[in-house]
file target05.txt (compact mmCIF, C-alpha atoms and all ligand atoms)
# COMPACT_ATOMS: atom_id res chain seq x y z
CA MET A 4 -149.94 -95.41 71.66
CA ARG A 5 -153.09 -96.90 73.18
CA ILE A 6 -154.55 -95.40 76.35
CA LEU A 7 -156.29 -98.19 78.25
CA LYS A 8 -158.58 -96.74 80.88
CA SER A 9 -160.11 -99.91 82.30
CA LEU A 10 -159.20 -103.50 83.10
CA ALA A 11 -161.62 -104.69 80.38
CA GLU A 12 -159.83 -102.54 77.76
CA LEU A 13 -156.44 -103.77 78.98
CA ARG A 14 -157.52 -107.42 78.80
CA ARG A 15 -158.88 -107.02 75.24
CA TRP A 16 -155.61 -105.37 74.15
CA ARG A 17 -153.44 -107.89 76.00
CA GLN A 18 -155.07 -110.86 74.19
CA GLN A 19 -153.62 -109.58 70.92
CA GLN A 20 -150.03 -109.24 72.23
CA SER A 21 -147.29 -111.77 72.82
CA GLU A 22 -144.42 -110.50 75.03
CA VAL A 23 -144.97 -107.39 77.13
CA ALA A 24 -142.74 -105.43 79.50
CA LEU A 25 -144.36 -103.37 82.28
CA VAL A 26 -143.17 -100.19 83.95
CA PRO A 27 -145.44 -99.54 86.95
CA THR A 28 -145.66 -95.84 87.97
CA MET A 29 -147.86 -93.43 89.85
CA GLY A 30 -147.43 -90.84 87.07
CA ASN A 31 -145.98 -87.32 87.25
CA LEU A 32 -143.17 -88.75 85.19
CA HIS A 33 -139.65 -87.32 85.39
CA ASP A 34 -136.39 -88.36 83.72
CA GLY A 35 -135.96 -91.17 86.26
CA HIS A 36 -139.22 -92.79 85.09
CA LEU A 37 -138.35 -92.20 81.44
CA GLN A 38 -135.06 -94.02 82.01
CA LEU A 39 -137.01 -97.04 83.32
CA VAL A 40 -139.09 -96.96 80.12
CA LYS A 41 -135.97 -96.74 77.93
CA THR A 42 -134.48 -99.72 79.77
CA ALA A 43 -137.70 -101.68 79.21
CA LEU A 44 -137.69 -100.75 75.51
CA GLU A 45 -134.12 -102.03 75.15
CA ARG A 46 -135.39 -105.43 76.26
CA CYS A 47 -138.86 -105.55 74.67
CA ASP A 48 -140.55 -103.68 71.79
CA ASN A 49 -143.90 -103.86 73.53
CA VAL A 50 -143.89 -101.73 76.69
CA VAL A 51 -146.90 -100.89 78.86
CA VAL A 52 -146.64 -98.15 81.45
CA SER A 53 -149.22 -98.19 84.24
CA ILE A 54 -150.16 -94.87 85.81
CA PHE A 55 -152.11 -95.41 89.02
CA VAL A 56 -151.86 -93.44 92.25
CA ASN A 57 -152.40 -96.39 94.55
CA PRO A 58 -154.41 -95.36 97.64
CA MET A 59 -153.47 -98.55 99.50
CA GLN A 60 -149.83 -97.52 99.87
CA PHE A 61 -150.54 -94.10 101.41
CA GLY A 62 -150.96 -93.60 105.16
CA ALA A 63 -153.89 -91.60 106.58
CA ASN A 64 -151.83 -88.40 106.98
CA GLU A 65 -149.84 -88.71 103.78
CA ASP A 66 -150.07 -86.90 100.42
CA LEU A 67 -152.58 -89.09 98.52
CA ASP A 68 -154.88 -86.16 97.70
CA SER A 69 -152.12 -83.73 96.79
CA TYR A 70 -149.95 -86.27 94.93
CA PRO A 71 -149.25 -84.60 91.54
CA ARG A 72 -151.40 -85.93 88.69
CA THR A 73 -150.17 -84.92 85.20
CA LEU A 74 -151.69 -87.55 82.90
CA GLU A 75 -151.68 -85.52 79.67
CA ALA A 76 -148.00 -84.53 79.90
CA ASP A 77 -147.10 -88.08 80.99
CA CYS A 78 -148.83 -89.59 77.94
CA GLN A 79 -147.09 -87.14 75.58
CA ALA A 80 -143.67 -88.09 76.99
CA LEU A 81 -144.44 -91.82 76.77
CA ASP A 82 -145.78 -91.56 73.22
CA ALA A 83 -142.57 -89.80 72.15
CA LEU A 84 -140.51 -92.69 73.55
CA GLY A 85 -142.45 -95.33 71.60
CA VAL A 86 -144.44 -96.93 74.42
CA SER A 87 -147.22 -99.25 73.12
CA ALA A 88 -149.84 -98.59 75.79
CA VAL A 89 -150.58 -96.67 78.97
CA PHE A 90 -152.80 -98.42 81.50
CA THR A 91 -154.58 -95.90 83.70
CA PRO A 92 -157.39 -97.60 85.62
CA GLN A 93 -159.80 -96.05 88.13
CA VAL A 94 -159.59 -96.94 91.84
CA SER A 95 -162.99 -98.67 91.58
CA ASP A 96 -161.66 -100.88 88.78
CA VAL A 97 -158.59 -101.92 90.79
CA TYR A 98 -160.33 -102.32 94.16
CA PRO A 99 -163.96 -103.14 93.23
CA ARG A 100 -164.83 -104.41 96.74
CA GLY A 101 -163.24 -101.37 98.39
CA LEU A 102 -159.86 -101.07 100.10
CA ASP A 103 -160.99 -102.52 103.43
CA LYS A 104 -162.15 -105.82 101.95
CA GLN A 105 -159.30 -106.20 99.46
CA THR A 106 -157.12 -109.32 99.73
CA ARG A 107 -153.60 -108.16 100.59
CA ILE A 108 -150.08 -109.37 99.88
CA GLU A 109 -147.80 -109.21 102.88
CA VAL A 110 -144.06 -109.82 102.57
CA PRO A 111 -142.93 -110.48 106.14
CA GLY A 112 -139.59 -109.50 107.68
CA ILE A 113 -138.67 -106.78 105.23
CA SER A 114 -141.93 -104.80 105.15
CA ASP A 115 -141.95 -103.43 108.68
CA ILE A 116 -138.39 -102.11 108.98
CA LEU A 117 -136.89 -98.82 107.75
CA CYS A 118 -139.55 -97.10 105.58
CA GLY A 119 -142.02 -99.78 106.67
CA ALA A 120 -141.55 -98.80 110.33
CA SER A 121 -142.24 -95.13 109.55
CA ARG A 122 -145.04 -95.88 107.08
CA PRO A 123 -147.01 -98.85 108.50
CA GLY A 124 -148.87 -100.77 105.78
CA HIS A 125 -147.00 -99.02 102.96
CA PHE A 126 -145.24 -102.10 101.59
CA THR A 127 -148.37 -104.22 101.88
CA GLY A 128 -150.02 -101.61 99.65
CA VAL A 129 -147.09 -101.71 97.23
CA ALA A 130 -146.89 -105.53 97.10
CA THR A 131 -150.66 -105.81 96.63
CA ILE A 132 -150.86 -103.35 93.74
CA VAL A 133 -147.75 -104.71 92.02
CA CYS A 134 -149.07 -108.28 92.30
CA LYS A 135 -152.42 -107.13 90.89
CA LEU A 136 -150.70 -105.24 88.04
CA PHE A 137 -148.68 -108.36 87.22
CA ASN A 138 -151.90 -110.39 87.08
CA MET A 139 -153.67 -107.78 85.00
CA VAL A 140 -150.90 -107.03 82.49
CA GLN A 141 -149.17 -110.43 82.55
CA PRO A 142 -145.74 -109.04 81.65
CA GLN A 143 -142.64 -111.16 81.13
CA LEU A 144 -140.48 -108.30 82.45
CA ALA A 145 -141.10 -105.46 84.93
CA VAL A 146 -138.73 -102.54 85.50
CA PHE A 147 -138.37 -100.60 88.78
CA GLY A 148 -135.98 -97.91 90.04
CA GLU A 149 -133.26 -98.69 92.57
CA LYS A 150 -134.03 -95.38 94.27
CA ASP A 151 -136.85 -97.22 96.05
CA TYR A 152 -134.43 -99.94 97.10
CA GLN A 153 -136.54 -101.44 99.88
CA GLN A 154 -139.56 -101.52 97.55
CA LEU A 155 -137.49 -103.33 94.92
CA GLN A 156 -136.39 -105.98 97.44
CA VAL A 157 -139.99 -106.41 98.70
CA ILE A 158 -141.14 -106.97 95.11
CA ARG A 159 -138.31 -109.42 94.40
CA LEU A 160 -139.22 -111.46 97.50
CA MET A 161 -142.92 -111.41 96.59
CA VAL A 162 -142.16 -112.67 93.06
CA GLN A 163 -139.98 -115.43 94.53
CA ASP A 164 -142.47 -116.41 97.27
CA LEU A 165 -145.49 -116.47 94.95
CA SER A 166 -143.58 -118.06 92.02
CA LEU A 167 -144.71 -115.26 89.71
CA PRO A 168 -143.43 -115.70 86.13
CA VAL A 169 -142.03 -112.15 85.89
CA GLU A 170 -138.41 -111.02 85.64
CA VAL A 171 -137.85 -108.01 87.92
CA LEU A 172 -135.20 -105.60 86.71
CA GLY A 173 -133.82 -102.77 88.87
CA THR A 174 -132.24 -99.73 87.22
CA ALA A 175 -129.79 -97.15 88.56
CA THR A 176 -131.12 -94.02 90.28
CA GLN A 177 -131.23 -90.94 88.06
CA ARG A 178 -129.86 -87.81 89.74
CA GLU A 179 -129.90 -84.05 89.30
CA THR A 180 -126.43 -82.51 88.73
CA SER A 181 -126.37 -81.72 92.46
CA GLY A 182 -126.66 -85.46 93.19
CA LEU A 183 -130.27 -85.20 94.43
CA ALA A 184 -132.15 -88.36 93.40
CA MET A 185 -134.99 -87.64 90.97
CA SER A 186 -138.40 -88.04 92.59
CA SER A 187 -141.92 -86.76 91.99
CA ARG A 188 -141.82 -85.43 95.56
CA ASN A 189 -138.91 -83.08 94.68
CA GLY A 190 -141.65 -80.91 93.18
CA TYR A 191 -142.76 -80.08 96.76
CA LEU A 192 -139.33 -78.49 97.50
CA SER A 193 -138.51 -74.77 97.14
CA THR A 194 -135.40 -73.84 95.14
CA GLU A 195 -133.49 -73.33 98.38
CA GLN A 196 -134.67 -76.65 99.85
CA LYS A 197 -133.61 -78.42 96.64
CA GLN A 198 -130.08 -77.07 97.07
CA GLN A 199 -130.01 -78.12 100.73
CA ALA A 200 -131.39 -81.56 99.85
CA ALA A 201 -128.27 -82.41 97.84
CA ALA A 202 -126.67 -83.09 101.26
CA LEU A 203 -128.55 -86.41 101.41
CA TYR A 204 -126.57 -88.00 98.57
CA LYS A 205 -123.36 -86.27 99.69
CA THR A 206 -123.73 -87.84 103.15
CA LEU A 207 -124.34 -91.27 101.61
CA GLU A 208 -121.18 -90.89 99.52
CA GLU A 209 -119.11 -89.75 102.51
CA THR A 210 -120.34 -92.71 104.54
CA LYS A 211 -119.51 -95.07 101.66
CA ALA A 212 -115.95 -93.71 101.58
CA LYS A 213 -115.58 -94.16 105.36
CA LEU A 214 -116.82 -97.76 105.19
CA SER A 215 -113.59 -98.83 103.47
CA VAL A 216 -111.68 -98.13 106.71
CA ASN A 217 -114.32 -98.21 109.47
CA THR A 218 -117.03 -100.80 110.08
CA ASP A 219 -118.34 -99.30 113.31
CA PHE A 220 -121.73 -98.97 111.67
CA GLY A 221 -123.38 -97.27 114.67
CA GLU A 222 -120.70 -94.57 114.75
CA LEU A 223 -121.01 -93.92 111.00
CA GLU A 224 -124.80 -93.76 111.20
CA ALA A 225 -124.74 -91.30 114.12
CA ALA A 226 -122.20 -89.06 112.33
CA ALA A 227 -124.31 -89.09 109.15
CA LYS A 228 -127.49 -88.15 111.04
CA GLU A 229 -125.64 -85.25 112.66
CA LYS A 230 -124.46 -84.09 109.23
CA LEU A 231 -127.99 -84.25 107.82
CA THR A 232 -129.36 -82.29 110.76
CA GLN A 233 -126.73 -79.59 110.22
CA ALA A 234 -127.74 -79.44 106.55
CA GLY A 235 -131.36 -78.64 107.50
CA PHE A 236 -132.87 -82.15 107.39
CA VAL A 237 -134.85 -83.89 110.11
CA PRO A 238 -133.52 -87.45 109.69
CA ASP A 239 -135.99 -90.35 109.91
CA TYR A 240 -133.36 -93.06 109.61
CA PHE A 241 -129.84 -93.51 108.25
CA SER A 242 -128.90 -97.15 108.28
CA ILE A 243 -126.23 -99.45 106.88
CA ARG A 244 -127.74 -102.83 105.96
CA ASN A 245 -127.06 -106.14 104.26
CA ALA A 246 -127.92 -105.35 100.61
CA GLU A 247 -129.86 -108.60 100.14
CA ASP A 248 -132.27 -108.89 103.09
CA LEU A 249 -131.87 -105.39 104.59
CA GLN A 250 -131.03 -106.79 108.02
CA LYS A 251 -128.45 -104.90 110.11
CA ALA A 252 -125.03 -104.87 108.43
CA THR A 253 -122.20 -107.11 109.63
CA PRO A 254 -118.50 -106.78 108.68
CA GLU A 255 -118.83 -110.13 106.83
CA ASP A 256 -121.59 -109.08 104.40
CA PRO A 257 -120.35 -109.14 100.78
CA GLU A 258 -122.56 -106.22 99.83
CA TRP A 259 -124.04 -103.41 101.91
CA VAL A 260 -126.61 -100.77 101.15
CA ILE A 261 -126.73 -97.45 102.98
CA LEU A 262 -130.35 -96.33 103.22
CA ALA A 263 -131.59 -92.92 104.31
CA ALA A 264 -134.92 -91.17 104.80
CA ALA A 265 -135.12 -87.58 105.97
CA PHE A 266 -137.55 -84.69 106.01
CA MET A 267 -136.73 -81.45 104.25
CA GLY A 268 -139.53 -79.26 105.56
CA LYS A 269 -142.67 -81.37 105.16
CA THR A 270 -141.21 -83.44 102.33
CA ARG A 271 -139.86 -86.89 103.14
CA LEU A 272 -137.00 -87.84 100.82
CA ILE A 273 -135.33 -91.24 100.49
CA ASP A 274 -132.08 -92.32 98.86
CA ASN A 275 -129.56 -95.15 99.06
CA LEU A 276 -126.13 -96.24 97.93
CA ARG A 277 -124.75 -99.74 97.48
CA VAL A 278 -121.28 -100.60 98.70
CA THR A 279 -119.21 -103.68 97.90
CA ASN A 280 -117.36 -104.91 100.97
CA ALA A 281 -113.81 -105.23 99.65
CA ALA A 282 -112.77 -107.08 102.81
CA ALA A 283 -115.36 -109.87 102.41
CA LYS A 284 -114.15 -113.17 101.00
O1 LIG B 1 -142.68 -96.70 92.90
C1 LIG B 1 -143.85 -96.39 92.62
O2 LIG B 1 -144.12 -95.44 91.87
C2 LIG B 1 -144.99 -97.18 93.23
O3 LIG B 1 -144.69 -97.58 94.54
C3 LIG B 1 -145.43 -98.38 92.38
C4 LIG B 1 -144.32 -99.40 92.24
C5 LIG B 1 -145.84 -97.90 91.00
C6 LIG B 1 -146.63 -99.08 93.02
O4 LIG B 1 -147.71 -98.21 93.15
call {"tool": "encode", "arguments": {"input": "target05.txt", "output": "structure tokens"}}
result
Amino acid sequence: MRILKSLAELRRWRQQQSEVALVPTMGNLHDGHLQLVKTALERCDNVVVSIFVNPMQFGANEDLDSYPRTLEADCQALDALGVSAVFTPQVSDVYPRGLDKQTRIEVPGISDILCGASRPGHFTGVATIVCKLFNMVQPQLAVFGEKDYQQLQVIRLMVQDLSLPVEVLGTATQRETSGLAMSSRNGYLSTEQKQQAAALYKTLEETKAKLSVNTDFGELEAAAKEKLTQAGFVPDYFSIRNAEDLQKATPEDPEWVILAAAFMGKTRLIDNLRVTNAAAK
């Protein structure tokens, strides 16, 4: 496995390859990431994993400095899976003119709701780095987790709007046996908080079950927030949306997604669940 530490090294390597699949990550890899890599390997022998903690997607008071960095262990796990290359550039290589002067990619409409409302600028940071990674790596295929559902939809819209020649593949969320979605930020939780945090997925599942008989979305959302509060969370949002554009759900939508963000202590967790509307024609 090659470890490509600069854009120049990546470009030299890329010239010798034909098809490439990309799995963009910020490192600290867990089984959820490794599943993305396995999915990419099923589709393409030549997989590149990028490991870059992207400063542009973190807010001023967020965990950029403390975000876990475990490059050596990450590379060992990726090598064992048969990944061709890891791309791990420096911030100065990715943003040579500095963050303030960097050209940005903005996907309107979807970027400032839900997580985008709580984390202003976050999705502009995500869209910008993903667009840059696509230009740097030039993959035919890129694989992302459905756990970050809003991120996935932002990236899909960006690819469509900018006519980027990349197939975007979303893969199912990997969960602990408790149902808790795997996330690098779970490492911030104590053992007790981890147990409590399983209530997030449980509440999504309960809401999904209720949706088959009740489409009073406001009532379901309020009940779910109450449940999360009782379980020790401070809810940020709990919202039932159209699965395509993430606008407020209507009883006619063919597919919904229930999205939730909530704080367990200082840790902000997100999760979601898709629901097919059996009543829609
Ligand atoms: O999901 C992530 O880990 C990041 O948001 C991504 C897509 C790698 C962009 O930095």
call {"tool": "axis_aligned_box", "arguments": {"input": "target05.txt", "around": "ligand LIG 1 (chain B)", "padding_each_side": "3 Å", "output": "lines of an AutoDock Vina configuration file"}}
result
center_x = -145.2
center_y = -97.4
center_z = 92.8
size_x = 11.0
size_y = 10.0
size_z = 9.5
call {"tool": "residues_near_ligand", "arguments": {"input": "target05.txt", "ligand": "ligand LIG 1 (chain B)", "cutoff": "6 Å", "atoms": "all atoms listed in the file", "output": "list of chain:residue names"}}
result
A:Pro27, A:Thr28, A:Met29, A:Asn57, A:Val129, A:Val133
call {"tool": "residues_around", "arguments": {"input": "target05.txt", "residues": "A:Gly35", "least_positions_apart": "5", "cutoff": "8 Å", "atoms": "all atoms listed in the file", "output": "number ranges by chain"}}
result
A: 148, 176-178, 185-186
call {"tool": "closest_residue", "arguments": {"input": "target05.txt", "among": "A:Gln60, A:Asp66, A:Glu195, A:Thr253", "to": "A:Asn217", "atoms": "only C-alpha atoms"}}
result
A:Thr253
call {"tool": "residues_near_point", "arguments": {"input": "target05.txt", "point": "(-133.4, -98.0, 84.4)", "cutoff": "12 Å", "atoms": "only C-alpha atoms", "output": "list in words"}}
result
Val26, Asp34, Gly35, His36, Leu37, Gln38, Leu39, Val40, Lys41, Thr42, Ala43, Leu44, Glu45, Arg46, Ala145, Val146, Phe147, Gly148, Glu149, Lys150, Val171, Leu172, Gly173, Thr174, Ala175, Thr176 and Gln177 of chain A
call {"tool": "closest_atom_pairs", "arguments": {"input": "target05.txt", "of": "stretch 54-154 of chain A", "to": "stretch 262-279 of chain A", "cutoff": "8 Å", "atoms": "all atoms listed in the file", "output": "Markdown table"}}
result
| residue | atom | partner | partner_atom | distance |
| --- | --- | --- | --- | --- |
| A:Cys118 | CA | A:Ala264 | CA | 7.6 |
| A:Lys150 | CA | A:Asp274 | CA | 5.9 |
| A:Asp151 | CA | A:Asp274 | CA | 7.4 |
| A:Tyr152 | CA | A:Asn275 | CA | 7.1 |
call {"tool": "residues_around", "arguments": {"input": "target05.txt", "residues": "A:Val52", "least_positions_apart": "2", "cutoff": "12 Å", "atoms": "all atoms listed in the file", "output": "PDB file with C-alpha atoms, in the frame of the given file"}}
result
ATOM      1  CA  MET A   4    -149.940 -95.410  71.660  1.00  0.00           C
ATOM      2  CA  ARG A   5    -153.090 -96.900  73.180  1.00  0.00           C
ATOM      3  CA  ILE A   6    -154.550 -95.400  76.350  1.00  0.00           C
ATOM      4  CA  LEU A   7    -156.290 -98.190  78.250  1.00  0.00           C
ATOM      5  CA  LEU A  13    -156.440-103.770  78.980  1.00  0.00           C
ATOM      6  CA  VAL A  23    -144.970-107.390  77.130  1.00  0.00           C
ATOM      7  CA  ALA A  24    -142.740-105.430  79.500  1.00  0.00           C
ATOM      8  CA  LEU A  25    -144.360-103.370  82.280  1.00  0.00           C
ATOM      9  CA  VAL A  26    -143.170-100.190  83.950  1.00  0.00           C
ATOM     10  CA  PRO A  27    -145.440 -99.540  86.950  1.00  0.00           C
ATOM     11  CA  THR A  28    -145.660 -95.840  87.970  1.00  0.00           C
ATOM     12  CA  MET A  29    -147.860 -93.430  89.850  1.00  0.00           C
ATOM     13  CA  GLY A  30    -147.430 -90.840  87.070  1.00  0.00           C
ATOM     14  CA  LEU A  32    -143.170 -88.750  85.190  1.00  0.00           C
ATOM     15  CA  HIS A  36    -139.220 -92.790  85.090  1.00  0.00           C
ATOM     16  CA  LEU A  37    -138.350 -92.200  81.440  1.00  0.00           C
ATOM     17  CA  LEU A  39    -137.010 -97.040  83.320  1.00  0.00           C
ATOM     18  CA  VAL A  40    -139.090 -96.960  80.120  1.00  0.00           C
ATOM     19  CA  LYS A  41    -135.970 -96.740  77.930  1.00  0.00           C
ATOM     20  CA  ALA A  43    -137.700-101.680  79.210  1.00  0.00           C
ATOM     21  CA  LEU A  44    -137.690-100.750  75.510  1.00  0.00           C
ATOM     22  CA  ASN A  49    -143.900-103.860  73.530  1.00  0.00           C
ATOM     23  CA  VAL A  50    -143.890-101.730  76.690  1.00  0.00           C
ATOM     24  CA  ILE A  54    -150.160 -94.870  85.810  1.00  0.00           C
ATOM     25  CA  PHE A  55    -152.110 -95.410  89.020  1.00  0.00           C
ATOM     26  CA  LEU A  74    -151.690 -87.550  82.900  1.00  0.00           C
ATOM     27  CA  ASP A  77    -147.100 -88.080  80.990  1.00  0.00           C
ATOM     28  CA  CYS A  78    -148.830 -89.590  77.940  1.00  0.00           C
ATOM     29  CA  ALA A  80    -143.670 -88.090  76.990  1.00  0.00           C
ATOM     30  CA  LEU A  81    -144.440 -91.820  76.770  1.00  0.00           C
ATOM     31  CA  ASP A  82    -145.780 -91.560  73.220  1.00  0.00           C
ATOM     32  CA  LEU A  84    -140.510 -92.690  73.550  1.00  0.00           C
ATOM     33  CA  GLY A  85    -142.450 -95.330  71.600  1.00  0.00           C
ATOM     34  CA  VAL A  86    -144.440 -96.930  74.420  1.00  0.00           C
ATOM     35  CA  SER A  87    -147.220 -99.250  73.120  1.00  0.00           C
ATOM     36  CA  ALA A  88    -149.840 -98.590  75.790  1.00  0.00           C
ATOM     37  CA  VAL A  89    -150.580 -96.670  78.970  1.00  0.00           C
ATOM     38  CA  PHE A  90    -152.800 -98.420  81.500  1.00  0.00           C
ATOM     39  CA  THR A  91    -154.580 -95.900  83.700  1.00  0.00           C
ATOM     40  CA  PRO A  92    -157.390 -97.600  85.620  1.00  0.00           C
ATOM     41  CA  LEU A 136    -150.700-105.240  88.040  1.00  0.00           C
ATOM     42  CA  PHE A 137    -148.680-108.360  87.220  1.00  0.00           C
ATOM     43  CA  VAL A 140    -150.900-107.030  82.490  1.00  0.00           C
ATOM     44  CA  PRO A 142    -145.740-109.040  81.650  1.00  0.00           C
ATOM     45  CA  LEU A 144    -140.480-108.300  82.450  1.00  0.00           C
ATOM     46  CA  ALA A 145    -141.100-105.460  84.930  1.00  0.00           C
ATOM     47  CA  VAL A 146    -138.730-102.540  85.500  1.00  0.00           C
ATOM     48  CA  PHE A 147    -138.370-100.600  88.780  1.00  0.00           C
TER      49      PHE A 147
END
call {"tool": "atom_distance", "arguments": {"input": "target05.txt", "atom1": "atom CA of A:Arg244", "atom2": "atom CA of A:Leu214"}}
result
12.1 Å
call {"tool": "decode", "arguments": {"input": "target05.txt", "residues": "stretch 40-52 of chain A", "atoms": "N, CA, C and O atoms", "output": "PDB file, in the first residue's frame"}}
result
ATOM      1  N   VAL A  40     -14.851   0.922   2.779  1.00  0.00           N
ATOM      2  CA  VAL A  40     -13.703   0.471   1.978  1.00  0.00           C
ATOM      3  C   VAL A  40     -14.020  -0.874   1.324  1.00  0.00           C
ATOM      4  O   VAL A  40     -13.742  -1.084   0.134  1.00  0.00           O
ATOM      5  N   LYS A  41     -14.642  -1.783   2.104  1.00  0.00           N
ATOM      6  CA  LYS A  41     -14.978  -3.104   1.534  1.00  0.00           C
ATOM      7  C   LYS A  41     -15.958  -2.945   0.378  1.00  0.00           C
ATOM      8  O   LYS A  41     -15.842  -3.619  -0.647  1.00  0.00           O
ATOM      9  N   THR A  42     -16.920  -2.035   0.540  1.00  0.00           N
ATOM     10  CA  THR A  42     -17.890  -1.791  -0.541  1.00  0.00           C
ATOM     11  C   THR A  42     -17.164  -1.270  -1.780  1.00  0.00           C
ATOM     12  O   THR A  42     -17.439  -1.692  -2.914  1.00  0.00           O
ATOM     13  N   ALA A  43     -16.224  -0.340  -1.564  1.00  0.00           N
ATOM     14  CA  ALA A  43     -15.463   0.204  -2.699  1.00  0.00           C
ATOM     15  C   ALA A  43     -14.655  -0.905  -3.383  1.00  0.00           C
ATOM     16  O   ALA A  43     -14.601  -0.976  -4.621  1.00  0.00           O
ATOM     17  N   LEU A  44     -14.065  -1.797  -2.571  1.00  0.00           N
ATOM     18  CA  LEU A  44     -13.240  -2.877  -3.136  1.00  0.00           C
ATOM     19  C   LEU A  44     -14.068  -3.891  -3.925  1.00  0.00           C
ATOM     20  O   LEU A  44     -13.556  -4.542  -4.835  1.00  0.00           O
ATOM     21  N   GLU A  45     -15.354  -4.019  -3.551  1.00  0.00           N
ATOM     22  CA  GLU A  45     -16.231  -4.919  -4.321  1.00  0.00           C
ATOM     23  C   GLU A  45     -16.449  -4.386  -5.732  1.00  0.00           C
ATOM     24  O   GLU A  45     -16.712  -5.128  -6.664  1.00  0.00           O
ATOM     25  N   ARG A  46     -16.351  -3.057  -5.856  1.00  0.00           N
ATOM     26  CA  ARG A  46     -16.623  -2.426  -7.159  1.00  0.00           C
ATOM     27  C   ARG A  46     -15.366  -2.118  -7.965  1.00  0.00           C
ATOM     28  O   ARG A  46     -15.416  -1.954  -9.173  1.00  0.00           O
ATOM     29  N   CYS A  47     -14.219  -2.015  -7.278  1.00  0.00           N
ATOM     30  CA  CYS A  47     -12.995  -1.559  -7.963  1.00  0.00           C
ATOM     31  C   CYS A  47     -11.778  -2.104  -7.210  1.00  0.00           C
ATOM     32  O   CYS A  47     -11.699  -1.974  -5.989  1.00  0.00           O
ATOM     33  N   ASP A  48     -10.830  -2.685  -7.950  1.00  0.00           N
ATOM     34  CA  ASP A  48      -9.622  -3.250  -7.307  1.00  0.00           C
ATOM     35  C   ASP A  48      -8.728  -2.172  -6.745  1.00  0.00           C
ATOM     36  O   ASP A  48      -7.905  -2.415  -5.867  1.00  0.00           O
ATOM     37  N   ASN A  49      -8.848  -0.968  -7.302  1.00  0.00           N
ATOM     38  CA  ASN A  49      -7.905   0.102  -6.991  1.00  0.00           C
ATOM     39  C   ASN A  49      -8.588   1.159  -6.111  1.00  0.00           C
ATOM     40  O   ASN A  49      -9.272   2.043  -6.617  1.00  0.00           O
ATOM     41  N   VAL A  50      -8.416   1.036  -4.794  1.00  0.00           N
ATOM     42  CA  VAL A  50      -9.119   1.943  -3.876  1.00  0.00           C
ATOM     43  C   VAL A  50      -8.118   2.869  -3.176  1.00  0.00           C
ATOM     44  O   VAL A  50      -7.089   2.423  -2.664  1.00  0.00           O
ATOM     45  N   VAL A  51      -8.426   4.145  -3.189  1.00  0.00           N
ATOM     46  CA  VAL A  51      -7.655   5.151  -2.449  1.00  0.00           C
ATOM     47  C   VAL A  51      -8.509   5.625  -1.283  1.00  0.00           C
ATOM     48  O   VAL A  51      -9.691   5.944  -1.481  1.00  0.00           O
ATOM     49  N   VAL A  52      -7.919   5.676  -0.111  1.00  0.00           N
ATOM     50  CA  VAL A  52      -8.613   6.254   1.044  1.00  0.00           C
ATOM     51  C   VAL A  52      -7.911   7.560   1.388  1.00  0.00           C
ATOM     52  O   VAL A  52      -6.683   7.583   1.548  1.00  0.00           O
TER      53      VAL A  52
END
